[in-house]
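Next comes coords14.cif, a file with mmCIF, C-alpha atoms.
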data_target
loop_
_atom_site.label_atom_id
_atom_site.label_comp_id
_atom_site.auth_asym_id
_atom_site.auth_seq_id
_atom_site.Cartn_x
_atom_site.Cartn_y
_atom_site.Cartn_z
CA MET P 110 -69.56 28.33 55.42
CA THR P 111 -66.10 27.01 56.40
CA SER P 112 -64.89 27.95 59.87
CA LYS P 113 -61.67 29.94 60.31
CA PRO P 114 -59.70 27.09 62.00
CA THR P 115 -60.68 24.70 59.21
CA ALA P 116 -59.66 27.26 56.57
CA ARG P 117 -56.33 27.76 58.27
CA ILE P 118 -55.73 24.01 58.32
CA LEU P 119 -56.53 23.72 54.61
CA ILE P 120 -54.22 26.65 53.80
CA ALA P 121 -51.43 25.05 55.85
CA LEU P 122 -51.91 21.71 54.13
CA GLY P 123 -51.86 23.40 50.73
CA PHE P 124 -48.63 25.20 51.62
CA LEU P 125 -47.00 21.92 52.69
CA ILE P 126 -48.03 20.23 49.44
CA VAL P 127 -46.56 23.06 47.35
CA LEU P 128 -43.36 22.98 49.41
CA ALA P 129 -43.06 19.22 48.93
CA VAL P 130 -43.41 19.60 45.15
CA ILE P 131 -40.71 22.29 45.07
CA VAL P 132 -38.33 20.24 47.20
CA SER P 133 -38.86 17.10 45.13
CA THR P 134 -38.23 19.08 41.93
CA ARG P 135 -35.05 20.79 43.09
CA TRP P 136 -33.59 17.99 45.17
CA PRO P 137 -34.53 14.64 43.63
CA SER P 138 -34.28 11.61 45.80
CA PRO P 139 -30.78 10.05 45.81
CA ARG P 140 -32.22 6.68 45.00
CA HIS P 141 -33.07 7.92 41.48
CA GLU P 142 -29.47 9.01 40.75
CA GLN P 143 -27.08 6.56 39.13
CA ASP P 144 -23.38 6.70 39.61
CA PRO P 145 -21.78 6.74 36.11
CA ALA P 146 -19.30 4.04 37.09
CA GLU P 147 -22.02 1.81 38.50
CA SER P 148 -24.15 2.43 35.42
CA GLY P 149 -21.29 1.38 33.13
CA ASP P 150 -20.60 -1.74 35.18
CA ARG P 151 -24.25 -2.72 35.20
CA VAL P 152 -24.72 -6.30 34.02
CA ILE P 153 -27.09 -6.35 31.05
CA ALA P 154 -26.81 -10.01 30.03
CA ASN P 155 -25.86 -13.37 31.50
CA ILE P 156 -24.83 -16.47 29.60
CA GLY P 157 -24.35 -19.21 32.16
CA THR P 158 -21.65 -17.88 34.48
CA ARG P 159 -20.56 -15.21 31.98
CA SER P 160 -21.80 -11.68 32.67
CA ILE P 161 -21.78 -8.90 30.06
CA THR P 162 -21.74 -5.31 31.29
CA LEU P 163 -22.99 -2.17 29.59
CA ARG P 164 -19.44 -0.78 29.47
CA GLU P 165 -18.22 -3.90 27.67
CA VAL P 166 -20.88 -3.46 24.99
CA GLU P 167 -20.15 0.26 24.66
CA GLN P 168 -16.45 -0.48 24.15
CA THR P 169 -17.16 -2.80 21.23
CA VAL P 170 -19.09 -0.12 19.30
CA ALA P 171 -17.39 3.04 20.61
CA LEU P 172 -15.22 3.50 17.51
CA SER P 173 -18.14 2.96 15.11
CA LEU P 174 -20.33 5.37 17.06
CA TYR P 175 -17.54 7.96 17.07
CA GLN P 176 -17.13 7.67 13.30
CA SER P 177 -20.90 8.09 12.90
CA ASP P 178 -20.73 11.18 15.12
CA GLN P 179 -17.92 12.56 12.95
CA GLN P 180 -20.01 12.07 9.79
CA ARG P 181 -22.96 13.77 11.47
CA SER P 182 -20.71 16.61 12.57
CA GLN P 183 -19.41 17.07 9.03
CA LEU P 184 -22.95 17.25 7.64
CA LEU P 185 -23.95 19.79 10.29
CA HIS P 186 -20.83 21.83 9.61
CA GLN P 187 -21.58 21.90 5.88
CA ALA P 188 -25.15 22.97 6.60
CA LEU P 189 -23.86 25.70 8.93
CA GLN P 190 -21.54 27.05 6.23
CA GLN P 191 -24.42 27.11 3.73
CA LEU P 192 -26.57 29.09 6.16
CA ILE P 193 -23.71 31.53 6.73
CA ASP P 194 -23.30 31.94 2.96
CA GLU P 195 -27.00 32.59 2.48
CA GLU P 196 -27.03 35.15 5.27
CA LEU P 197 -24.00 36.97 3.86
CA LEU P 198 -25.60 37.19 0.42
CA LYS P 199 -28.97 38.34 1.77
CA THR P 200 -27.37 40.95 4.02
CA GLU P 201 -25.24 42.38 1.19
CA ALA P 202 -28.16 42.35 -1.26
CA SER P 203 -30.36 44.14 1.29
CA ARG P 204 -27.66 46.73 1.89
CA LYS P 205 -27.54 47.49 -1.84
CA GLY P 206 -31.32 47.33 -2.26
CA ILE P 207 -31.24 44.53 -4.84
CA THR P 208 -32.06 40.84 -4.99
CA VAL P 209 -29.54 38.10 -4.27
CA SER P 210 -29.70 37.02 -7.92
CA GLN P 211 -28.85 40.54 -9.06
CA LEU P 212 -26.04 40.72 -6.50
CA VAL P 213 -24.44 37.57 -7.91
CA ALA P 214 -24.97 38.78 -11.48
CA ASP P 215 -23.37 42.15 -10.71
CA ALA P 216 -20.39 40.39 -9.15
CA SER P 217 -19.41 39.24 -12.64
CA GLN P 218 -18.62 42.85 -13.48
CA SER P 219 -16.13 43.20 -10.63
CA GLU P 220 -12.49 42.77 -11.54
CA SER P 221 -11.56 41.90 -7.94
CA ILE P 222 -14.22 39.14 -7.78
CA ALA P 223 -13.14 37.81 -11.19
CA ARG P 224 -9.54 37.64 -9.99
CA LEU P 225 -10.62 35.69 -6.91
CA ALA P 226 -12.46 33.30 -9.24
CA ASN P 227 -9.35 33.08 -11.44
CA LEU P 228 -11.33 34.28 -14.44
CA PRO P 229 -10.65 37.09 -16.92
CA ALA P 230 -12.29 40.34 -15.83
CA PRO P 231 -14.86 41.58 -16.23
CA VAL P 232 -16.96 38.46 -16.91
CA LYS P 233 -19.98 39.51 -18.98
CA GLN P 234 -23.38 38.22 -17.97
CA PHE P 235 -25.69 39.68 -20.64
CA SER P 236 -27.08 37.89 -23.67
CA LYS P 237 -25.65 38.45 -27.13
CA GLY P 238 -27.40 41.13 -29.11
CA LYS P 239 -28.10 43.20 -25.98
CA ALA P 240 -25.94 46.12 -25.07
CA ARG P 241 -25.24 48.34 -22.18
CA GLY P 242 -23.96 51.77 -23.15
CA GLY P 243 -23.95 50.74 -26.81
CA VAL P 244 -21.38 47.97 -26.25
CA ASN P 245 -22.21 44.40 -27.26
CA LEU P 246 -21.64 41.96 -24.41
CA GLU P 247 -20.96 38.26 -24.65
CA ALA P 248 -23.28 35.43 -23.67
CA PRO P 249 -23.37 33.97 -20.15
CA ARG P 250 -20.48 31.78 -19.09
CA ASP P 251 -21.00 28.12 -18.26
CA PRO P 252 -22.49 27.06 -14.89
CA GLN P 253 -19.06 26.14 -13.47
CA GLU P 254 -17.81 29.68 -14.04
CA GLN P 255 -20.95 31.09 -12.45
CA ALA P 256 -20.38 28.85 -9.41
CA ARG P 257 -16.79 30.07 -9.18
CA LEU P 258 -17.96 33.69 -9.32
CA ARG P 259 -20.51 33.07 -6.58
CA GLN P 260 -17.87 31.41 -4.42
CA ALA P 261 -15.45 34.29 -5.05
CA LEU P 262 -18.13 36.76 -4.00
CA LEU P 263 -18.65 34.80 -0.79
CA VAL P 264 -14.90 34.81 -0.11
CA ALA P 265 -14.91 38.59 -0.43
CA LEU P 266 -17.94 38.93 1.83
CA ARG P 267 -16.45 36.60 4.47
CA ARG P 268 -13.30 38.73 4.57
CA GLN P 269 -15.41 41.77 5.41
CA ALA P 270 -17.78 40.10 7.87
CA SER P 271 -17.32 39.32 11.55
CA ILE P 272 -18.06 35.61 11.84
CA HIS P 273 -17.64 33.65 15.08
CA ILE P 274 -18.30 29.90 15.01
CA ASN P 275 -18.69 27.86 18.15
CA PHE P 276 -19.30 24.46 16.64
CA PRO P 277 -18.68 21.50 19.00
CA GLU P 278 -16.63 18.63 17.65
CA PRO P 279 -17.47 15.07 18.75
CA GLU P 280 -15.32 13.96 21.64
CA PRO P 281 -13.33 10.82 20.80
CA PRO P 282 -13.80 7.81 23.06
CA VAL P 283 -10.93 6.51 25.15
CA LEU P 284 -10.61 2.79 24.45
CA LEU P 285 -8.59 0.18 26.26
CA VAL P 286 -6.12 -0.84 23.57
CA SER P 287 -3.60 -3.51 24.48
CA THR P 288 -0.03 -3.22 23.22
CA ASP P 289 0.25 -6.97 23.64
CA ASP P 290 3.93 -7.87 23.14
CA ASP P 291 4.09 -6.36 19.67
CA PRO P 292 7.10 -4.49 18.23
CA SER P 293 7.53 -0.96 19.53
CA VAL P 294 9.86 1.99 19.16
CA GLY P 295 10.35 4.82 21.64
CA PRO P 296 10.79 4.99 25.44
CA ALA P 297 9.05 2.23 27.37
CA ASN P 298 7.70 4.74 29.90
CA ALA P 299 6.67 7.39 27.36
CA PRO P 300 3.58 9.39 28.43
CA ILE P 301 2.08 8.98 24.95
CA THR P 302 1.55 5.56 23.39
CA ILE P 303 0.42 5.30 19.77
CA VAL P 304 -0.87 1.88 18.75
CA GLU P 305 -1.07 1.47 14.98
CA PHE P 306 -3.15 -1.25 13.33
CA SER P 307 -1.63 -1.61 9.88
CA ASP P 308 -1.43 -3.74 6.75
CA PHE P 309 1.79 -4.15 4.74
CA GLN P 310 -0.18 -4.31 1.48
CA CYS P 311 -2.22 -1.17 2.21
CA PRO P 312 -1.09 1.90 0.19
CA TYR P 313 -2.40 4.29 2.84
CA CYS P 314 -0.39 2.48 5.51
CA LYS P 315 2.71 3.10 3.41
CA LEU P 316 2.01 6.83 3.70
CA SER P 317 2.09 6.55 7.50
CA VAL P 318 5.72 5.31 7.57
CA PRO P 319 7.37 8.75 7.16
CA LEU P 320 4.64 10.25 9.34
CA ILE P 321 5.51 8.00 12.29
CA LYS P 322 9.20 8.84 11.87
CA GLU P 323 8.33 12.55 11.91
CA ILE P 324 6.33 12.09 15.12
CA LEU P 325 9.17 10.21 16.82
CA ALA P 326 11.65 12.90 15.74
CA LYS P 327 9.37 15.64 17.10
CA TYR P 328 8.71 13.87 20.42
CA PRO P 329 11.79 11.65 21.03
CA ASP P 330 11.21 11.32 24.78
CA LYS P 331 7.43 11.55 24.83
CA VAL P 332 6.05 9.06 22.31
CA LYS P 333 6.15 5.29 21.98
CA VAL P 334 4.76 3.62 18.85
CA VAL P 335 3.47 0.04 18.84
CA TYR P 336 2.84 -1.80 15.57
CA ARG P 337 -0.04 -4.28 15.44
CA ASP P 338 -1.10 -6.34 12.43
CA TYR P 339 -4.43 -5.93 10.67
CA PRO P 340 -4.09 -7.71 7.30
CA GLY P 341 -7.18 -6.89 5.26
CA PRO P 342 -9.23 -9.59 3.51
CA ASN P 343 -8.62 -7.94 0.12
CA HIS P 344 -4.84 -8.14 0.53
CA PRO P 345 -3.88 -11.83 0.07
CA HIS P 346 -0.14 -11.28 0.62
CA ALA P 347 -0.52 -9.20 3.79
CA PRO P 348 -0.86 -12.04 6.37
CA GLN P 349 2.41 -13.72 5.40
CA ALA P 350 4.14 -10.34 5.17
CA ALA P 351 3.07 -9.71 8.75
CA GLU P 352 4.50 -13.09 9.80
CA ALA P 353 7.75 -12.37 7.95
CA ALA P 354 8.19 -9.06 9.76
CA GLN P 355 7.65 -10.79 13.10
CA CYS P 356 10.26 -13.38 12.14
CA ALA P 357 12.69 -10.56 11.35
CA GLY P 358 11.90 -9.24 14.81
CA ASP P 359 13.29 -12.46 16.29
CA GLN P 360 16.67 -11.28 15.01
CA GLY P 361 16.15 -7.73 16.23
CA LYS P 362 15.31 -6.25 12.83
CA PHE P 363 11.55 -5.89 12.78
CA TRP P 364 11.58 -2.20 11.85
CA GLU P 365 14.18 -2.66 9.09
CA TYR P 366 12.04 -5.41 7.57
CA HIS P 367 8.91 -3.30 8.15
CA ASP P 368 10.43 -0.45 6.12
CA SER P 369 11.60 -2.82 3.36
CA LEU P 370 8.12 -4.32 2.97
CA PHE P 371 6.58 -0.88 2.53
CA ASP P 372 9.41 0.33 0.26
CA ARG P 373 8.87 -2.65 -2.08
CA GLN P 374 5.09 -2.54 -1.90
CA ALA P 375 3.51 -2.93 -5.36
CA PRO P 376 -0.22 -3.08 -6.18
CA GLY P 377 -1.52 -6.63 -6.53
CA THR P 378 1.85 -8.34 -6.06
CA GLY P 379 3.66 -9.90 -3.15
CA TRP P 380 7.28 -9.95 -2.02
CA ASN P 381 10.24 -12.27 -2.10
CA PHE P 382 10.53 -12.55 1.66
CA THR P 383 13.84 -14.41 1.52
CA ASP P 384 15.50 -11.77 -0.65
CA LEU P 385 14.33 -9.02 1.70
CA ALA P 386 15.76 -10.97 4.64
CA LYS P 387 19.13 -11.23 2.91
CA GLU P 388 19.16 -7.52 2.08
CA ILE P 389 18.93 -6.52 5.73
CA GLY P 390 21.41 -9.16 6.89
CA LEU P 391 19.17 -11.78 8.51
CA ASN P 392 20.27 -15.36 9.08
CA ASP P 393 18.62 -17.18 6.16
CA ASP P 394 18.03 -20.51 7.87
CA VAL P 395 16.62 -19.05 11.07
CA PHE P 396 14.33 -16.76 9.12
CA ALA P 397 13.14 -19.52 6.75
CA THR P 398 12.40 -21.89 9.62
CA CYS P 399 10.36 -19.24 11.42
CA LEU P 400 8.35 -18.32 8.33
CA ASN P 401 7.82 -21.83 6.96
CA THR P 402 6.61 -23.24 10.28
CA GLY P 403 4.08 -20.43 10.74
CA ARG P 404 5.48 -19.47 14.13
CA TYR P 405 3.64 -16.15 14.17
CA ARG P 406 0.46 -17.14 12.37
CA GLU P 407 -1.61 -17.18 15.54
CA GLU P 408 -0.01 -13.94 16.73
CA VAL P 409 -1.06 -12.14 13.54
CA ALA P 410 -4.56 -13.62 13.79
CA LYS P 411 -4.74 -12.44 17.41
CA ASP P 412 -3.89 -8.87 16.42
CA LEU P 413 -6.54 -8.96 13.71
CA HIS P 414 -9.16 -10.30 16.12
CA GLU P 415 -8.39 -7.63 18.72
CA GLY P 416 -8.60 -4.95 16.04
CA LEU P 417 -12.02 -6.23 14.99
CA THR P 418 -13.12 -6.26 18.64
CA LEU P 419 -12.11 -2.60 18.94
CA GLY P 420 -14.17 -1.77 15.86
CA VAL P 421 -11.28 -1.28 13.44
CA THR P 422 -12.59 -1.56 9.88
CA SER P 423 -9.82 0.06 7.84
CA THR P 424 -6.11 0.71 7.92
CA PRO P 425 -4.21 2.50 9.14
CA THR P 426 -6.08 3.05 12.40
CA PHE P 427 -4.20 4.69 15.27
CA PHE P 428 -5.00 4.90 18.96
CA ILE P 429 -3.25 7.75 20.78
CA ASN P 430 -3.51 6.86 24.45
CA GLY P 431 -6.68 5.06 23.45
CA ARG P 432 -8.12 7.91 21.35
CA PRO P 433 -8.82 6.78 17.76
CA LEU P 434 -7.49 8.50 14.66
CA VAL P 435 -8.51 6.70 11.48
CA GLY P 436 -6.73 6.96 8.14
CA ALA P 437 -3.56 8.51 6.74
CA LYS P 438 -4.03 11.81 8.55
CA PRO P 439 -1.58 14.72 8.29
CA PHE P 440 1.04 15.33 10.97
CA ALA P 441 -0.90 18.35 12.30
CA GLU P 442 -3.80 16.15 13.44
CA PHE P 443 -1.48 13.89 15.42
CA GLN P 444 0.33 16.89 16.85
CA ALA P 445 -2.94 18.46 18.03
CA VAL P 446 -3.91 15.32 19.97
CA ILE P 447 -0.42 14.71 21.37
CA ASP P 448 0.09 18.31 22.49
CA ARG P 449 -3.32 18.37 24.17
CA LEU P 450 -2.54 15.18 26.09
CA LEU P 451 0.91 16.44 27.11
CA LYS P 452 -0.64 19.59 28.55
CA GLN P 453 -3.01 17.65 30.76
CA GLN P 454 -1.98 17.77 34.41
CA PRO P 455 -0.96 15.66 36.12
CA LEU P 456 0.40 13.59 33.25
CA LYS P 457 1.37 10.04 34.09
CA ALA P 458 3.21 7.51 31.99
CA VAL P 459 0.84 5.20 30.14
CA ALA P 460 0.95 1.63 31.33
CA ALA P 461 1.53 -0.77 28.45
CA GLU P 462 -1.19 -3.13 29.61
CA ASN P 463 -3.78 -0.35 29.46
CA PHE P 464 -3.12 0.78 25.90
#
Written as structure tokens, that's how I'd like the structure from this file.
Amino acid sequence: MTSKPTARILIALGFLIVLAVIVSTRWPSPRHEQDPAESGDRVIANIGTRSITLREVEQTVALSLYQSDQQRSQLLHQALQQLIDEELLKTEASRKGITVSQLVADASQSESIARLANLPAPVKQFSKGKARGGVNLEAPRDPQEQARLRQALLVALRRQASIHINFPEPEPPVLLVSTDDDPSVGPANAPITIVEFSDFQCPYCKLSVPLIKEILAKYPDKVKVVYRDYPGPNHPHAPQAAEAAQCAGDQGKFWEYHDSLFDRQAPGTGWNFTDLAKEIGLNDDVFATCLNTGRYREEVAKDLHEGLTLGVTSTPTFFINGRPLVGAKPFAEFQAVIDRLLKQQPLKAVAAENF
């Protein structure tokens, strides 16, 4: 039999052990915590005297990972909408005491649903030779019409339902994008800097020309746009077009030449660079010397290399204060990002060397 003092000692020891477990669970030792900044700066490889940090690696794949996250988000969003549709149909069918199939079939008899589907009403669903109320009804419509009727029914059900979606969108990375010494338009100290990687032979880049002008008109004191070259491998005339625009920039007319190149863009063909130079009033000899000697060949190659390093794989690709926006997006998408950044407090002017 255990004595009372011994029992008390064992109870006390047990209490201390339990207390230690609770403390270690709630307040983990500081040595196990990693400061995010230190974690990002952690060296993960050494090549001679060259050290590669985790943050450096993350920067090189950040854009690709973000695009993968966007694709995943789109798939999840589509799946969510399908689940909502199924729930709406099941709930309505249950309310009427019928099956979902019967609910969709009955929808074909509704004039309001047929109008939503842009089909003549009512759309008969019964087989030929059968009748309802002594009236012969036509054969089923084709599968596309049935799909339109189902979608119209869902539109009607969504209008009646209370649906609240709290679906998180992937947060874009903030990349360090250099403006280099490339052509720009807008205030030098603008709080928003948009860096565009573009290709003069790319048809989607041509669509971004009026878009950029609309952005600058909307935010004349807030936005600066920097143009950087990213001539694609499938556009053989794009590299020299990029050099020609830079040569026009030597005479203060980069943007005029930029607009002319896009205005005269034609699938599969190049440009007469000399004729374009004459049209905008450039000095022929100065322009020809610049272009023929390849003065900006390395500059264009440098832009392309930096774009590849950032993970750019298509044009146009934009970075709004380092946040990527890929493709010929509508003005509203740019406006949403710009307005959100302008509302952030405190808002400081973006240093050119950082973006």
Compute the distance from (14.2, -4.1, 7.4) to each atom, counting all atoms listed in the file, keep the residues with any atom at most 10 Å away, and return them as a list in words; use the coordinates of the file.
Ala354, Ala357, Gly358, Gly361, Lys362, Phe363, Trp364, Glu365, Tyr366, His367, Asp368, Ser369, Leu370, Phe371, Asp372, Leu385, Ala386, Lys387, Glu388, Ile389, Gly390 and Leu391 of chain P
d(atom CA of P:Val435, atom CA of P:Gly295) in Å:
21.5 Å
Which residues, named as in the file, does the PyMOL selection byres ((chain P and resi 177-186) around 9) pick out? Answer as a ChimeraX atom specification.
/P:172-176,187-191,276-280
Quick check, in Å to one decimal: how far apart do atom CA of P:Lys322 and atom CA of P:Cys399 lie?
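Atom-to-atom, atom CA of P:Lys322 to atom CA of P:Cys399, that is 28.1 Å.
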Just want the 7 Å neighbourhood of stretch 330-346 of chain P, counted on all atoms listed in the file, with same-chain residues fewer than 5 positions away dropped. Output as an MDAnalysis selection string.
chainID P and resid 288 291:297 299:308 310 325 351 379 409 412:413 416
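For the atom pair formed by atom CA of P:Ala326 and atom CA of P:Ser287, the distance is 24.0 Å, given to one decimal.
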Name the residues that the PyMOL selection byres ((chain P and resi 257) around 10) picks from the file above, as a list of chain:residue names, using the file's chain letters and numbers.
P:Ile222, P:Ala223, P:Leu225, P:Ala226, P:Asn227, P:Leu228, P:Pro252, P:Gln253, P:Glu254, P:Gln255, P:Ala256, P:Leu258, P:Arg259, P:Gln260, P:Ala261, P:Leu262, P:Leu263
Using only C-alpha atoms, please write the residues we just selected to a file, as a PDB file, keeping the file's coordinate frame.
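part-v8.pdb, written as the output of this step:
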ATOM      1  CA  ILE P 222     -14.220  39.140  -7.780  1.00  0.00           C
ATOM      2  CA  ALA P 223     -13.140  37.810 -11.190  1.00  0.00           C
ATOM      3  CA  LEU P 225     -10.620  35.690  -6.910  1.00  0.00           C
ATOM      4  CA  ALA P 226     -12.460  33.300  -9.240  1.00  0.00           C
ATOM      5  CA  ASN P 227      -9.350  33.080 -11.440  1.00  0.00           C
ATOM      6  CA  LEU P 228     -11.330  34.280 -14.440  1.00  0.00           C
ATOM      7  CA  PRO P 252     -22.490  27.060 -14.890  1.00  0.00           C
ATOM      8  CA  GLN P 253     -19.060  26.140 -13.470  1.00  0.00           C
ATOM      9  CA  GLU P 254     -17.810  29.680 -14.040  1.00  0.00           C
ATOM     10  CA  GLN P 255     -20.950  31.090 -12.450  1.00  0.00           C
ATOM     11  CA  ALA P 256     -20.380  28.850  -9.410  1.00  0.00           C
ATOM     12  CA  LEU P 258     -17.960  33.690  -9.320  1.00  0.00           C
ATOM     13  CA  ARG P 259     -20.510  33.070  -6.580  1.00  0.00           C
ATOM     14  CA  GLN P 260     -17.870  31.410  -4.420  1.00  0.00           C
ATOM     15  CA  ALA P 261     -15.450  34.290  -5.050  1.00  0.00           C
ATOM     16  CA  LEU P 262     -18.130  36.760  -4.000  1.00  0.00           C
ATOM     17  CA  LEU P 263     -18.650  34.800  -0.790  1.00  0.00           C
TER      18      LEU P 263
END
Evaluate the PyMOL selection byres ((chain P and resi 164-168) around 10) on the structure here and hand back the selected residues as an mmCIF file with C-alpha atoms, in the coordinates of the input.
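Generated file (result.cif):
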data_model
loop_
_atom_site.group_PDB
_atom_site.id
_atom_site.type_symbol
_atom_site.label_atom_id
_atom_site.label_comp_id
_atom_site.auth_asym_id
_atom_site.auth_seq_id
_atom_site.Cartn_x
_atom_site.Cartn_y
_atom_site.Cartn_z
ATOM 1 C CA ALA P 146 -19.300 4.040 37.090
ATOM 2 C CA GLU P 147 -22.020 1.810 38.500
ATOM 3 C CA SER P 148 -24.150 2.430 35.420
ATOM 4 C CA GLY P 149 -21.290 1.380 33.130
ATOM 5 C CA ASP P 150 -20.600 -1.740 35.180
ATOM 6 C CA ARG P 151 -24.250 -2.720 35.200
ATOM 7 C CA VAL P 152 -24.720 -6.300 34.020
ATOM 8 C CA ILE P 153 -27.090 -6.350 31.050
ATOM 9 C CA SER P 160 -21.800 -11.680 32.670
ATOM 10 C CA ILE P 161 -21.780 -8.900 30.060
ATOM 11 C CA THR P 162 -21.740 -5.310 31.290
ATOM 12 C CA LEU P 163 -22.990 -2.170 29.590
ATOM 13 C CA THR P 169 -17.160 -2.800 21.230
ATOM 14 C CA VAL P 170 -19.090 -0.120 19.300
ATOM 15 C CA ALA P 171 -17.390 3.040 20.610
ATOM 16 C CA LEU P 172 -15.220 3.500 17.510
ATOM 17 C CA SER P 173 -18.140 2.960 15.110
ATOM 18 C CA LEU P 174 -20.330 5.370 17.060
ATOM 19 C CA PRO P 282 -13.800 7.810 23.060
ATOM 20 C CA VAL P 283 -10.930 6.510 25.150
ATOM 21 C CA LEU P 284 -10.610 2.790 24.450
ATOM 22 C CA LEU P 285 -8.590 0.180 26.260
ATOM 23 C CA THR P 418 -13.120 -6.260 18.640
ATOM 24 C CA LEU P 419 -12.110 -2.600 18.940
ATOM 25 C CA GLY P 420 -14.170 -1.770 15.860
#
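Compared by their closest atoms to P:Leu197, and using all atoms listed in the file, the residues P:Gln444, P:Gln269, P:Ser210, P:Ser217 rank with P:Gln269 nearest.
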Counting only C-alpha atoms, which of P:Leu450, P:Leu266, P:Ala202, P:Leu316 gets nearest to P:Asp215?
P:Ala202
Closest of P:Lys205, P:Lys411, P:Lys438, P:Arg449 to P:Pro319 - atom-to-atom distances counting all atoms listed in the file:
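Counting all atoms listed in the file, the residue closest to P:Pro319 is P:Lys438.
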Using all atoms listed in the file, pick whichever of P:Cys356, P:Ala441, P:Leu417, P:Ile429 has the shortest atom-to-atom distance to P:Thr402.
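The answer is P:Cys356, which sits nearest to P:Thr402.
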Restricting the calculation to only C-alpha atoms, which member of P:Asp394, P:Lys452, P:Glu408, P:Asn155 is positioned closest to P:Asp289?
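Checking each candidate against P:Asp289, we get P:Glu408 as the closest.
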